[in-house]
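Raw structure-v1.cif, mmCIF, C-alpha atoms and all ligand atoms:
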```
data_input
loop_
_atom_site.group_PDB
_atom_site.id
_atom_site.type_symbol
_atom_site.label_atom_id
_atom_site.label_comp_id
_atom_site.auth_asym_id
_atom_site.auth_seq_id
_atom_site.Cartn_x
_atom_site.Cartn_y
_atom_site.Cartn_z
ATOM 1 C CA MET R 23 0.000 0.000 0.000
ATOM 2 C CA LEU R 24 1.165 3.504 -0.854
ATOM 3 C CA LYS R 25 -1.232 5.329 1.457
ATOM 4 C CA GLY R 26 -0.239 8.946 2.073
ATOM 5 C CA LYS R 27 2.395 9.073 -0.680
ATOM 6 C CA THR R 28 2.046 11.664 -3.451
ATOM 7 C CA ALA R 29 2.426 10.705 -7.106
ATOM 8 C CA LEU R 30 2.886 13.070 -10.049
ATOM 9 C CA VAL R 31 2.019 11.284 -13.291
ATOM 10 C CA THR R 32 2.685 13.438 -16.350
ATOM 11 C CA GLY R 33 0.262 12.928 -19.217
ATOM 12 C CA SER R 34 -2.328 11.325 -16.948
ATOM 13 C CA THR R 35 -5.422 12.630 -18.743
ATOM 14 C CA SER R 36 -5.279 9.752 -21.251
ATOM 15 C CA GLY R 37 -4.009 6.239 -21.992
ATOM 16 C CA ILE R 38 -1.159 4.763 -19.942
ATOM 17 C CA GLY R 39 -0.859 7.812 -17.661
ATOM 18 C CA LEU R 40 -4.548 7.774 -16.738
ATOM 19 C CA ALA R 41 -4.440 4.027 -15.992
ATOM 20 C CA THR R 42 -1.290 4.545 -13.891
ATOM 21 C CA ALA R 43 -2.915 7.366 -11.918
ATOM 22 C CA GLN R 44 -5.960 5.144 -11.330
ATOM 23 C CA HIS R 45 -3.762 2.269 -10.127
ATOM 24 C CA LEU R 46 -1.705 4.451 -7.766
ATOM 25 C CA ALA R 47 -4.864 6.144 -6.431
ATOM 26 C CA SER R 48 -6.379 2.702 -5.766
ATOM 27 C CA GLU R 49 -3.313 2.007 -3.580
ATOM 28 C CA GLY R 50 -3.963 5.185 -1.567
ATOM 29 C CA CYS R 51 -1.648 7.731 -3.240
ATOM 30 C CA ASN R 52 -2.590 11.374 -3.534
ATOM 31 C CA ILE R 53 -2.381 12.218 -7.218
ATOM 32 C CA VAL R 54 -1.195 15.134 -9.316
ATOM 33 C CA LEU R 55 -3.109 14.655 -12.555
ATOM 34 C CA HIS R 56 -1.533 16.349 -15.543
ATOM 35 C CA GLY R 57 -2.116 16.703 -19.261
ATOM 36 C CA LEU R 58 -3.357 18.818 -22.129
ATOM 37 C CA MET R 59 -7.033 18.915 -21.183
ATOM 38 C CA PRO R 60 -9.257 21.982 -20.708
ATOM 39 C CA GLU R 61 -8.979 23.139 -17.095
ATOM 40 C CA ALA R 62 -12.652 22.570 -16.275
ATOM 41 C CA GLU R 63 -12.498 18.960 -17.516
ATOM 42 C CA GLY R 64 -9.240 18.374 -15.643
ATOM 43 C CA LYS R 65 -10.695 19.703 -12.412
ATOM 44 C CA ALA R 66 -13.773 17.496 -12.869
ATOM 45 C CA LEU R 67 -11.496 14.478 -13.448
ATOM 46 C CA ALA R 68 -9.556 15.315 -10.259
ATOM 47 C CA GLN R 69 -12.830 15.537 -8.328
ATOM 48 C CA SER R 70 -13.936 12.152 -9.653
ATOM 49 C CA PHE R 71 -10.610 10.670 -8.433
ATOM 50 C CA GLU R 72 -11.152 12.151 -4.967
ATOM 51 C CA GLN R 73 -14.651 10.703 -4.761
ATOM 52 C CA GLU R 74 -13.797 7.265 -6.137
ATOM 53 C CA TYR R 75 -10.501 6.633 -4.328
ATOM 54 C CA LYS R 76 -10.903 8.792 -1.175
ATOM 55 C CA ILE R 77 -7.603 10.556 -1.818
ATOM 56 C CA SER R 78 -6.550 14.157 -2.543
ATOM 57 C CA CYS R 79 -6.022 15.089 -6.163
ATOM 58 C CA MET R 80 -5.013 18.205 -8.096
ATOM 59 C CA PHE R 81 -4.902 18.897 -11.831
ATOM 60 C CA SER R 82 -2.385 20.825 -13.934
ATOM 61 C CA ASP R 83 -2.448 21.550 -17.661
ATOM 62 C CA ALA R 84 1.220 22.651 -17.800
ATOM 63 C CA ASN R 85 2.655 22.335 -21.302
ATOM 64 C CA ILE R 86 5.887 20.457 -20.580
ATOM 65 C CA LYS R 87 7.524 21.756 -23.734
ATOM 66 C CA SER R 88 8.267 24.796 -21.577
ATOM 67 C CA VAL R 89 10.810 24.590 -18.760
ATOM 68 C CA GLU R 90 9.029 27.447 -16.944
ATOM 69 C CA ALA R 91 5.745 25.510 -17.061
ATOM 70 C CA ILE R 92 7.483 22.409 -15.658
ATOM 71 C CA LYS R 93 8.919 24.467 -12.769
ATOM 72 C CA THR R 94 5.446 25.858 -12.016
ATOM 73 C CA LEU R 95 3.949 22.340 -12.136
ATOM 74 C CA LEU R 96 6.513 20.980 -9.665
ATOM 75 C CA ASP R 97 6.270 24.042 -7.384
ATOM 76 C CA SER R 98 2.477 23.835 -7.175
ATOM 77 C CA ALA R 99 2.528 20.056 -6.561
ATOM 78 C CA ILE R 100 5.100 20.455 -3.766
ATOM 79 C CA GLU R 101 3.197 23.408 -2.288
ATOM 80 C CA THR R 102 -0.057 21.393 -2.273
ATOM 81 C CA PHE R 103 1.258 18.037 -1.019
ATOM 82 C CA GLY R 104 4.602 18.850 0.669
ATOM 83 C CA ALA R 105 6.684 16.644 -1.652
ATOM 84 C CA ILE R 106 6.523 14.350 -4.642
ATOM 85 C CA ASP R 107 7.265 10.776 -3.538
ATOM 86 C CA ILE R 108 6.538 9.070 -6.855
ATOM 87 C CA LEU R 109 7.305 10.638 -10.222
ATOM 88 C CA VAL R 110 6.049 8.957 -13.387
ATOM 89 C CA ASN R 111 7.364 10.657 -16.539
ATOM 90 C CA ASN R 112 4.781 9.433 -18.997
ATOM 91 C CA ALA R 113 3.659 12.329 -21.243
ATOM 92 C CA GLY R 114 4.800 11.703 -24.783
ATOM 93 C CA ILE R 115 4.087 12.295 -28.448
ATOM 94 C CA GLN R 116 4.867 10.533 -31.712
ATOM 95 C CA HIS R 117 5.406 11.448 -35.353
ATOM 96 C CA THR R 118 6.408 8.933 -38.018
ATOM 97 C CA GLU R 119 8.241 9.930 -41.190
ATOM 98 C CA ASN R 120 11.606 9.143 -42.798
ATOM 99 C CA ILE R 121 14.437 11.346 -41.568
ATOM 100 C CA VAL R 122 14.821 13.319 -44.815
ATOM 101 C CA ASP R 123 11.187 14.460 -44.777
ATOM 102 C CA PHE R 124 10.860 14.665 -40.973
ATOM 103 C CA PRO R 125 9.697 18.207 -40.030
ATOM 104 C CA GLU R 126 12.383 19.898 -37.925
ATOM 105 C CA GLU R 127 9.888 21.421 -35.494
ATOM 106 C CA LYS R 128 8.351 17.954 -34.893
ATOM 107 C CA TYR R 129 11.813 16.587 -34.115
ATOM 108 C CA GLN R 130 12.347 19.330 -31.529
ATOM 109 C CA ASP R 131 8.883 18.846 -29.993
ATOM 110 C CA ILE R 132 9.502 15.106 -29.536
ATOM 111 C CA ILE R 133 12.910 15.666 -27.920
ATOM 112 C CA ASP R 134 11.519 18.410 -25.634
ATOM 113 C CA ILE R 135 8.361 16.554 -24.566
ATOM 114 C CA ASN R 136 9.573 12.921 -24.467
ATOM 115 C CA LEU R 137 13.113 13.493 -23.140
ATOM 116 C CA SER R 138 14.073 16.955 -21.861
ATOM 117 C CA SER R 139 10.934 17.308 -19.705
ATOM 118 C CA ALA R 140 12.078 14.272 -17.692
ATOM 119 C CA PHE R 141 15.448 15.919 -17.018
ATOM 120 C CA TYR R 142 13.670 18.886 -15.442
ATOM 121 C CA THR R 143 10.988 16.957 -13.503
ATOM 122 C CA MET R 144 13.669 14.679 -12.008
ATOM 123 C CA LYS R 145 15.972 17.616 -11.270
ATOM 124 C CA TYR R 146 13.228 19.380 -9.301
ATOM 125 C CA ALA R 147 11.573 16.335 -7.644
ATOM 126 C CA LEU R 148 14.736 14.565 -6.496
ATOM 127 C CA PRO R 149 15.842 16.921 -3.664
ATOM 128 C CA GLY R 150 12.575 16.193 -1.771
ATOM 129 C CA MET R 151 12.975 12.438 -2.275
ATOM 130 C CA GLN R 152 16.609 12.565 -1.136
ATOM 131 C CA LYS R 153 15.588 14.480 1.988
ATOM 132 C CA LYS R 154 12.963 11.860 2.869
ATOM 133 C CA GLY R 155 15.232 8.920 1.975
ATOM 134 C CA TRP R 156 12.442 7.417 -0.159
ATOM 135 C CA GLY R 157 11.390 7.928 -3.735
ATOM 136 C CA ARG R 158 10.322 6.171 -6.886
ATOM 137 C CA ILE R 159 10.936 7.434 -10.421
ATOM 138 C CA ILE R 160 9.423 5.557 -13.337
ATOM 139 C CA ASN R 161 10.123 6.791 -16.839
ATOM 140 C CA ILE R 162 7.834 5.494 -19.543
ATOM 141 C CA ALA R 163 10.212 4.739 -22.387
ATOM 142 C CA SER R 164 9.223 2.143 -24.997
ATOM 143 C CA VAL R 165 10.614 -0.854 -26.848
ATOM 144 C CA HIS R 166 11.945 2.024 -28.949
ATOM 145 C CA GLY R 167 14.233 2.829 -26.017
ATOM 146 C CA LEU R 168 15.895 -0.525 -26.722
ATOM 147 C CA VAL R 169 15.568 -1.152 -30.468
ATOM 148 C CA ALA R 170 14.755 0.879 -33.580
ATOM 149 C CA SER R 171 12.032 0.964 -36.232
ATOM 150 C CA ILE R 172 11.964 2.923 -39.489
ATOM 151 C CA ASP R 173 10.368 6.400 -39.600
ATOM 152 C CA LYS R 174 10.924 7.017 -35.884
ATOM 153 C CA ALA R 175 14.265 8.868 -35.694
ATOM 154 C CA ALA R 176 13.043 11.435 -33.156
ATOM 155 C CA TYR R 177 10.991 9.021 -31.054
ATOM 156 C CA VAL R 178 13.722 6.349 -30.939
ATOM 157 C CA ALA R 179 16.342 8.978 -30.038
ATOM 158 C CA SER R 180 14.125 10.391 -27.287
ATOM 159 C CA LYS R 181 13.376 6.974 -25.794
ATOM 160 C CA HIS R 182 16.970 5.685 -25.961
ATOM 161 C CA GLY R 183 17.976 8.955 -24.281
ATOM 162 C CA LEU R 184 15.359 8.465 -21.587
ATOM 163 C CA VAL R 185 16.612 4.943 -20.837
ATOM 164 C CA GLY R 186 20.172 6.274 -20.516
ATOM 165 C CA MET R 187 19.136 9.185 -18.293
ATOM 166 C CA THR R 188 17.177 6.781 -16.052
ATOM 167 C CA LYS R 189 20.312 4.690 -15.504
ATOM 168 C CA VAL R 190 22.328 7.764 -14.491
ATOM 169 C CA VAL R 191 19.694 8.889 -11.975
ATOM 170 C CA ALA R 192 19.483 5.317 -10.619
ATOM 171 C CA ILE R 193 23.190 5.046 -9.889
ATOM 172 C CA GLU R 194 23.463 8.612 -8.570
ATOM 173 C CA ASN R 195 20.716 7.793 -6.021
ATOM 174 C CA ALA R 196 21.341 4.119 -5.287
ATOM 175 C CA ALA R 197 22.243 4.831 -1.643
ATOM 176 C CA ASN R 198 19.441 7.384 -1.123
ATOM 177 C CA GLY R 199 16.391 5.080 -0.953
ATOM 178 C CA VAL R 200 15.348 6.348 -4.374
ATOM 179 C CA THR R 201 14.913 3.979 -7.315
ATOM 180 C CA ALA R 202 14.699 4.981 -10.980
ATOM 181 C CA ASN R 203 13.517 2.594 -13.659
ATOM 182 C CA ALA R 204 12.382 2.767 -17.257
ATOM 183 C CA VAL R 205 9.359 0.815 -18.449
ATOM 184 C CA CYS R 206 9.489 -0.238 -22.098
ATOM 185 C CA PRO R 207 6.066 -1.151 -23.498
ATOM 186 C CA GLY R 208 5.408 -2.711 -26.884
ATOM 187 C CA TRP R 209 2.002 -1.873 -28.391
ATOM 188 C CA VAL R 210 -0.507 -0.471 -25.905
ATOM 189 C CA ASP R 211 -4.108 0.291 -26.830
ATOM 190 C CA THR R 212 -4.212 4.113 -26.499
ATOM 191 C CA PRO R 213 -4.956 7.158 -28.711
ATOM 192 C CA LEU R 214 -1.184 7.631 -29.355
ATOM 193 C CA ILE R 215 -1.053 4.933 -32.031
ATOM 194 C CA GLY R 216 -4.308 5.843 -33.808
ATOM 195 C CA ASN R 217 -2.550 7.730 -36.623
ATOM 196 C CA GLN R 218 -0.203 4.833 -37.335
ATOM 197 C CA ILE R 219 -3.156 2.431 -37.632
ATOM 198 C CA ASP R 220 -5.099 4.846 -39.863
ATOM 199 C CA SER R 221 -2.144 5.339 -42.215
ATOM 200 C CA ILE R 222 -1.617 1.544 -42.618
ATOM 201 C CA ALA R 223 -5.347 1.164 -43.389
ATOM 202 C CA GLU R 224 -5.109 3.922 -46.004
ATOM 203 C CA GLN R 225 -1.843 2.714 -47.588
ATOM 204 C CA LYS R 226 -2.957 -0.929 -47.821
ATOM 205 C CA GLY R 227 -6.648 -0.279 -48.511
ATOM 206 C CA ILE R 228 -7.722 -2.435 -45.546
ATOM 207 C CA SER R 229 -10.061 -1.902 -42.598
ATOM 208 C CA VAL R 230 -8.899 -0.237 -39.380
ATOM 209 C CA GLU R 231 -9.316 -3.572 -37.537
ATOM 210 C CA GLU R 232 -7.126 -5.368 -40.124
ATOM 211 C CA ALA R 233 -4.592 -2.538 -39.952
ATOM 212 C CA LYS R 234 -4.417 -2.901 -36.160
ATOM 213 C CA VAL R 235 -3.555 -6.612 -36.488
ATOM 214 C CA ALA R 236 -0.987 -5.828 -39.213
ATOM 215 C CA LEU R 237 0.662 -3.192 -37.015
ATOM 216 C CA ILE R 238 0.878 -5.429 -33.958
ATOM 217 C CA THR R 239 2.105 -8.602 -35.638
ATOM 218 C CA ALA R 240 4.740 -6.876 -37.775
ATOM 219 C CA LYS R 241 6.993 -6.705 -34.703
ATOM 220 C CA GLN R 242 5.344 -8.264 -31.688
ATOM 221 C CA PRO R 243 5.049 -12.086 -31.252
ATOM 222 C CA ARG R 244 2.069 -11.758 -28.869
ATOM 223 C CA PRO R 245 -0.678 -10.772 -31.296
ATOM 224 C CA GLU R 246 -2.429 -8.436 -28.879
ATOM 225 C CA MET R 247 -1.859 -4.981 -27.498
ATOM 226 C CA ALA R 248 -1.312 -4.548 -23.775
ATOM 227 C CA LYS R 249 -4.027 -2.738 -21.869
ATOM 228 C CA PRO R 250 -2.995 0.550 -20.202
ATOM 229 C CA SER R 251 -3.986 -1.014 -16.847
ATOM 230 C CA GLU R 252 -1.269 -3.675 -17.286
ATOM 231 C CA ILE R 253 1.371 -0.934 -17.495
ATOM 232 C CA GLY R 254 -0.229 0.772 -14.456
ATOM 233 C CA ALA R 255 0.009 -2.460 -12.452
ATOM 234 C CA LEU R 256 3.714 -2.886 -13.323
ATOM 235 C CA ILE R 257 4.357 0.679 -12.164
ATOM 236 C CA GLY R 258 2.456 -0.085 -8.950
ATOM 237 C CA PHE R 259 4.811 -3.019 -8.350
ATOM 238 C CA LEU R 260 7.902 -0.860 -9.009
ATOM 239 C CA CYS R 261 6.634 1.529 -6.317
ATOM 240 C CA SER R 262 6.250 -1.245 -3.731
ATOM 241 C CA ASP R 263 8.742 -2.171 -1.014
ATOM 242 C CA ALA R 264 9.233 -5.527 -2.741
ATOM 243 C CA ALA R 265 10.825 -3.627 -5.647
ATOM 244 C CA GLN R 266 13.278 -1.584 -3.555
ATOM 245 C CA GLY R 267 16.235 -3.444 -5.081
ATOM 246 C CA ILE R 268 15.150 -2.841 -8.663
ATOM 247 C CA THR R 269 16.860 0.279 -9.957
ATOM 248 C CA GLY R 270 18.439 1.304 -13.247
ATOM 249 C CA SER R 271 16.428 -1.286 -15.151
ATOM 250 C CA ALA R 272 14.788 -0.873 -18.560
ATOM 251 C CA MET R 273 11.920 -3.297 -18.239
ATOM 252 C CA PRO R 274 10.202 -4.551 -21.408
ATOM 253 C CA ILE R 275 6.462 -5.249 -21.258
ATOM 254 C CA ASP R 276 6.294 -5.977 -24.960
ATOM 255 C CA GLY R 277 4.764 -9.354 -25.798
ATOM 256 C CA GLY R 278 8.206 -10.724 -26.731
ATOM 257 C CA TRP R 279 9.126 -7.926 -29.187
ATOM 258 C CA THR R 280 12.692 -7.410 -27.904
ATOM 259 C CA ALA R 281 13.291 -11.120 -27.153
ATOM 260 C CA GLN R 282 13.857 -11.792 -30.844
HETATM 261 P P1 LIG R 301 -1.770 9.261 -25.086
HETATM 262 O O1 LIG R 301 -1.717 10.049 -26.338
HETATM 263 O O2 LIG R 301 -2.985 8.467 -24.758
HETATM 264 O O3 LIG R 301 -1.433 10.202 -23.832
HETATM 265 C C1 LIG R 301 -0.405 11.161 -23.870
HETATM 266 C C2 LIG R 301 -0.521 12.082 -22.679
HETATM 267 O O4 LIG R 301 0.555 13.034 -22.734
HETATM 268 C C3 LIG R 301 -1.833 12.901 -22.662
HETATM 269 O O5 LIG R 301 -2.277 13.044 -21.336
HETATM 270 C C4 LIG R 301 -1.392 14.266 -23.211
HETATM 271 O O6 LIG R 301 -2.204 15.342 -22.773
HETATM 272 C C5 LIG R 301 0.015 14.352 -22.621
HETATM 273 N N1 LIG R 301 0.858 15.308 -23.353
HETATM 274 C C6 LIG R 301 1.264 15.239 -24.649
HETATM 275 N N2 LIG R 301 1.983 16.334 -24.970
HETATM 276 C C7 LIG R 301 2.034 17.119 -23.853
HETATM 277 C C8 LIG R 301 2.612 18.378 -23.557
HETATM 278 N N3 LIG R 301 3.280 19.101 -24.463
HETATM 279 N N4 LIG R 301 2.449 18.874 -22.301
HETATM 280 C C9 LIG R 301 1.738 18.193 -21.383
HETATM 281 N N5 LIG R 301 1.174 16.984 -21.600
HETATM 282 C C10 LIG R 301 1.320 16.461 -22.827
HETATM 283 O O7 LIG R 301 -0.477 8.309 -25.165
HETATM 284 P P2 LIG R 301 -0.054 6.935 -24.445
HETATM 285 O O8 LIG R 301 -0.028 5.878 -25.483
HETATM 286 O O9 LIG R 301 -0.785 6.716 -23.172
HETATM 287 O O10 LIG R 301 1.472 7.288 -24.160
HETATM 288 C C11 LIG R 301 2.013 7.520 -22.887
HETATM 289 C C12 LIG R 301 3.503 7.215 -22.932
HETATM 290 O O11 LIG R 301 3.712 5.845 -23.254
HETATM 291 C C13 LIG R 301 4.266 8.029 -24.001
HETATM 292 O O12 LIG R 301 5.484 8.475 -23.470
HETATM 293 C C14 LIG R 301 4.492 7.007 -25.107
HETATM 294 O O13 LIG R 301 5.635 7.302 -25.854
HETATM 295 C C15 LIG R 301 4.655 5.731 -24.292
HETATM 296 N N6 LIG R 301 4.409 4.500 -25.046
HETATM 297 C C16 LIG R 301 3.205 4.251 -25.647
HETATM 298 C C17 LIG R 301 3.030 3.060 -26.358
HETATM 299 C C18 LIG R 301 1.735 2.718 -27.055
HETATM 300 O O14 LIG R 301 1.715 1.735 -27.824
HETATM 301 N N7 LIG R 301 0.651 3.431 -26.814
HETATM 302 C C19 LIG R 301 4.084 2.130 -26.451
HETATM 303 C C20 LIG R 301 5.282 2.425 -25.829
HETATM 304 C C21 LIG R 301 5.449 3.607 -25.120
#
```
Just give me the structure as structure tokens.
Amino acid sequence: MLKGKTALVTGSTSGIGLATAQHLASEGCNIVLHGLMPEAEGKALAQSFEQEYKISCMFSDANIKSVEAIKTLLDSAIETFGAIDILVNNAGIQHTENIVDFPEEKYQDIIDINLSSAFYTMKYALPGMQKKGWGRIINIASVHGLVASIDKAAYVASKHGLVGMTKVVAIENAANGVTANAVCPGWVDTPLIGNQIDSIAEQKGISVEEAKVALITAKQPRPEMAKPSEIGALIGFLCSDAAQGITGSAMPIDGGWTAQ
């Protein structure tokens, strides 16, 4: 049980982040919900968390492309809850195109949002964890933090970078009671991969359902996507006392993708 701990989950208005926030709230954590959602909807979501899980919850719509916005997010979370005990760097975006045609501003957005934001959230959350002698950092990387695929230069670079940065933070804090791990999912059923499915359907002239199967089985031996709740449950385990010796890992949850 994580009763009384505070968790900041970036990008928790959708997909994996939302499922992670739900899992951690069900274990008794106070939650900082975060994502690009209109403020009124975000506040309503936070209220629904408080009612369902009997915890305290706040919402922030900070755009983590901006370092200033990240500082404000961390300051307001620490002011509200005293500290951040669990930090899940989950917010992320994708764009697929070969490197020659890849728009330069998209490249920069992916590096800023998927990688640099985690540098700043960890930089500002760690002092509180070090002071308490307890903390958990989970960075949502991807199989693309371990291996490559075509058309994903920016995404693969950002996720490999995130895995490397996680290892540094893990060894810098190994004697501080703070663990840092990367989670590396294969396909997960969320809005993030909708565009990739639609473009396969269009290119091959097949249905969206057929395109989904084609996308999954092109790389992943298990012919099904993971559910966001499965990633949330793994993160819950990494936050438990049983996982105190797991640090610096890059843990695949990928249906056998990277076993090949
Ligand atoms: P999603 O699109 O459902 O959710 C993304 C979240 O990030 C949303 O809450 C969104 O508001 C937030 N976000 C995006 N840009 C932001 C910005 N500039 N500022 C603040 N918040 C921002 O995606 P998802 O599939 O749940 O992805 C979550 C993480 O998991 C990402 O880092 C993604 O790379 C990773 N991942 C996803 C899959 C998959 O198959 N879905 C596989 C491996 C890794």
Residues within 12 Å of Lys241 of chain R, please, as a PyMOL selection string. Count all atoms listed in the file; anything in the same chain fewer than 4 positions from it doesn't count. chain R and resi 165-166+169-172+208-209+235-237+245-247+276-282
Convert the output of the PyMOL selection byres (((chain R and resi 269) around 8) and not hetatm) on the shown file into explicit residues, formatted as JSON, numbers by chain. {"R": [189, 192, 193, 196, 201, 202, 203, 266, 267, 268, 270, 271]}
Can you list every residue of chain R that has an atom at most 8 Å from ligand LIG 301 (chain R), with its nearest atom pair and the distance in Å to one decimal, using only C-alpha atoms and all ligand atoms, ordered by chain then number, as a tab-separated table?
```
residue	atom	partner	partner_atom	distance
R:Thr32	CA	R:LIG301	N5	6.5
R:Gly33	CA	R:LIG301	O5	3.3
R:Ser34	CA	R:LIG301	O5	4.7
R:Thr35	CA	R:LIG301	O5	4.1
R:Ser36	CA	R:LIG301	O2	4.4
R:Gly37	CA	R:LIG301	O9	3.5
R:Ile38	CA	R:LIG301	O9	3.8
R:Gly39	CA	R:LIG301	O9	5.6
R:Leu40	CA	R:LIG301	O5	7.4
R:His56	CA	R:LIG301	N5	6.7
R:Gly57	CA	R:LIG301	O6	3.8
R:Leu58	CA	R:LIG301	O6	3.7
R:Met59	CA	R:LIG301	O6	6.2
R:Asp83	CA	R:LIG301	C9	6.5
R:Ala84	CA	R:LIG301	C9	5.7
R:Asn85	CA	R:LIG301	N4	3.6
R:Ile86	CA	R:LIG301	N4	4.2
R:Lys87	CA	R:LIG301	N3	5.1
R:Asn111	CA	R:LIG301	O12	7.5
R:Asn112	CA	R:LIG301	O12	4.6
R:Ala113	CA	R:LIG301	O4	3.5
R:Gly114	CA	R:LIG301	O12	3.6
R:Ile115	CA	R:LIG301	C6	5.6
R:Gln116	CA	R:LIG301	O13	6.7
R:Asp131	CA	R:LIG301	N3	7.9
R:Ile135	CA	R:LIG301	N3	5.7
R:Asn136	CA	R:LIG301	O12	6.1
R:Ile162	CA	R:LIG301	O12	5.5
R:Ala163	CA	R:LIG301	C21	5.6
R:Ser164	CA	R:LIG301	C20	4.0
R:Val165	CA	R:LIG301	C20	6.3
R:His166	CA	R:LIG301	C20	7.4
R:Tyr177	CA	R:LIG301	O13	7.7
R:Lys181	CA	R:LIG301	O13	7.7
R:Cys206	CA	R:LIG301	C20	6.2
R:Pro207	CA	R:LIG301	C20	4.3
R:Gly208	CA	R:LIG301	C19	5.0
R:Trp209	CA	R:LIG301	O14	3.7
R:Val210	CA	R:LIG301	O14	3.7
R:Asp211	CA	R:LIG301	N7	5.7
R:Thr212	CA	R:LIG301	O8	4.7
R:Pro213	CA	R:LIG301	O2	4.6
R:Leu214	CA	R:LIG301	O1	3.9
R:Ile215	CA	R:LIG301	N7	5.7
R:Met247	CA	R:LIG301	O14	7.6
R:Pro250	CA	R:LIG301	O9	7.2
```
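With atom CA of Pro243 of chain R on one side and atom CA of Ala272 of chain R on the other, the separation reads 19.5 Å.
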Given the PyMOL selection byres (((chain R and resi 109) around 9) and not hetatm), the residues it picks as a VMD selection string: chain R and resid 28 to 32 106 to 108 110 to 111 143 to 144 147 157 to 161
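Proximity ranking of R:Glu61, R:Glu127, R:Glu231, R:Glu224 relative to Phe81 of chain R places R:Glu61 first, based on only C-alpha atoms.
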Pick from R:Ala175, R:Ile222, R:Leu148, R:Gly167, whichever lies nearest to Asn195 of chain R using all atoms listed in the file: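 Distance minimum relative to Asn195 of chain R lands on R:Leu148.
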Please, what distance in Å, to one decimal, runs between atom CA of Ala91 of chain R and atom CA of Ile133 of chain R?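 Atom-to-atom, atom CA of Ala91 of chain R and atom CA of Ile133 of chain R are spaced 16.3 Å apart.
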Tell me, in Å to one decimal, how far atom CA of Lys76 of chain R is from atom CA of His45 of chain R. 13.2 Å
Here is a test: counting all atoms listed in the file, which residue of R:Ser78, R:His117, R:Phe124, R:Tyr142 is nearest to Thr94 of chain R? R:Tyr142
For the PyMOL selection byres (((chain R and resi 259) around 12) and not hetatm), applied here, can you spell out every residue it catches as a PyMOL selection string? chain R and resi 23-24+42+45-46+49+158+160+203+205+252-258+260-268
Just C-alpha atoms for this one: save the residues we selected as a tab-separated table (two decimals), in the coordinates of the input.
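The new file result_24.tsv reads:
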```tsv
chain	number	residue	atom	x	y	z
R	23	MET	CA	0.00	0.00	0.00
R	24	LEU	CA	1.16	3.50	-0.85
R	42	THR	CA	-1.29	4.54	-13.89
R	45	HIS	CA	-3.76	2.27	-10.13
R	46	LEU	CA	-1.70	4.45	-7.77
R	49	GLU	CA	-3.31	2.01	-3.58
R	158	ARG	CA	10.32	6.17	-6.89
R	160	ILE	CA	9.42	5.56	-13.34
R	203	ASN	CA	13.52	2.59	-13.66
R	205	VAL	CA	9.36	0.82	-18.45
R	252	GLU	CA	-1.27	-3.68	-17.29
R	253	ILE	CA	1.37	-0.93	-17.50
R	254	GLY	CA	-0.23	0.77	-14.46
R	255	ALA	CA	0.01	-2.46	-12.45
R	256	LEU	CA	3.71	-2.89	-13.32
R	257	ILE	CA	4.36	0.68	-12.16
R	258	GLY	CA	2.46	-0.08	-8.95
R	260	LEU	CA	7.90	-0.86	-9.01
R	261	CYS	CA	6.63	1.53	-6.32
R	262	SER	CA	6.25	-1.25	-3.73
R	263	ASP	CA	8.74	-2.17	-1.01
R	264	ALA	CA	9.23	-5.53	-2.74
R	265	ALA	CA	10.82	-3.63	-5.65
R	266	GLN	CA	13.28	-1.58	-3.56
R	267	GLY	CA	16.24	-3.44	-5.08
R	268	ILE	CA	15.15	-2.84	-8.66
```
Using all atoms listed in the file, can you tell me which of R:Ile228, R:Tyr75, R:Val54, R:Gln69 comes closest to Ala99 of chain R?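 Distance minimum relative to Ala99 of chain R lands on R:Val54.
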Adding 3 Å on each side of the box along x, y and z that holds all listed atoms of segment 200-219 of chain R, could you give its centre and edge lengths in Å to one decimal, as JSON?
```
{"center_x": 5.2, "center_y": 2.5, "center_z": -21.0, "size_x": 26.3, "size_y": 16.4, "size_z": 39.3}
```
As a PDB file, in the frame of the given file, could you write out segment 93-100 of chain R once it has been completed with N, CA and C atoms?
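As a result, part-v2.pdb now contains:
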```pdb
ATOM      1  N   LYS R  93       8.570  23.957 -14.108  1.00  0.00           N
ATOM      2  CA  LYS R  93       8.919  24.467 -12.769  1.00  0.00           C
ATOM      3  C   LYS R  93       7.647  24.805 -12.003  1.00  0.00           C
ATOM      4  N   THR R  94       6.699  25.480 -12.676  1.00  0.00           N
ATOM      5  CA  THR R  94       5.446  25.858 -12.016  1.00  0.00           C
ATOM      6  C   THR R  94       4.665  24.614 -11.590  1.00  0.00           C
ATOM      7  N   LEU R  95       4.642  23.603 -12.460  1.00  0.00           N
ATOM      8  CA  LEU R  95       3.949  22.340 -12.136  1.00  0.00           C
ATOM      9  C   LEU R  95       4.542  21.715 -10.864  1.00  0.00           C
ATOM     10  N   LEU R  96       5.873  21.605 -10.826  1.00  0.00           N
ATOM     11  CA  LEU R  96       6.513  20.980  -9.665  1.00  0.00           C
ATOM     12  C   LEU R  96       6.306  21.826  -8.407  1.00  0.00           C
ATOM     13  N   ASP R  97       6.455  23.156  -8.548  1.00  0.00           N
ATOM     14  CA  ASP R  97       6.270  24.042  -7.384  1.00  0.00           C
ATOM     15  C   ASP R  97       4.862  23.894  -6.824  1.00  0.00           C
ATOM     16  N   SER R  98       3.846  23.869  -7.706  1.00  0.00           N
ATOM     17  CA  SER R  98       2.477  23.835  -7.175  1.00  0.00           C
ATOM     18  C   SER R  98       2.167  22.468  -6.578  1.00  0.00           C
ATOM     19  N   ALA R  99       2.744  21.391  -7.145  1.00  0.00           N
ATOM     20  CA  ALA R  99       2.528  20.056  -6.561  1.00  0.00           C
ATOM     21  C   ALA R  99       3.168  19.978  -5.172  1.00  0.00           C
ATOM     22  N   ILE R 100       4.389  20.525  -5.051  1.00  0.00           N
ATOM     23  CA  ILE R 100       5.100  20.455  -3.766  1.00  0.00           C
ATOM     24  C   ILE R 100       4.402  21.350  -2.734  1.00  0.00           C
TER      25      ILE R 100
END
```
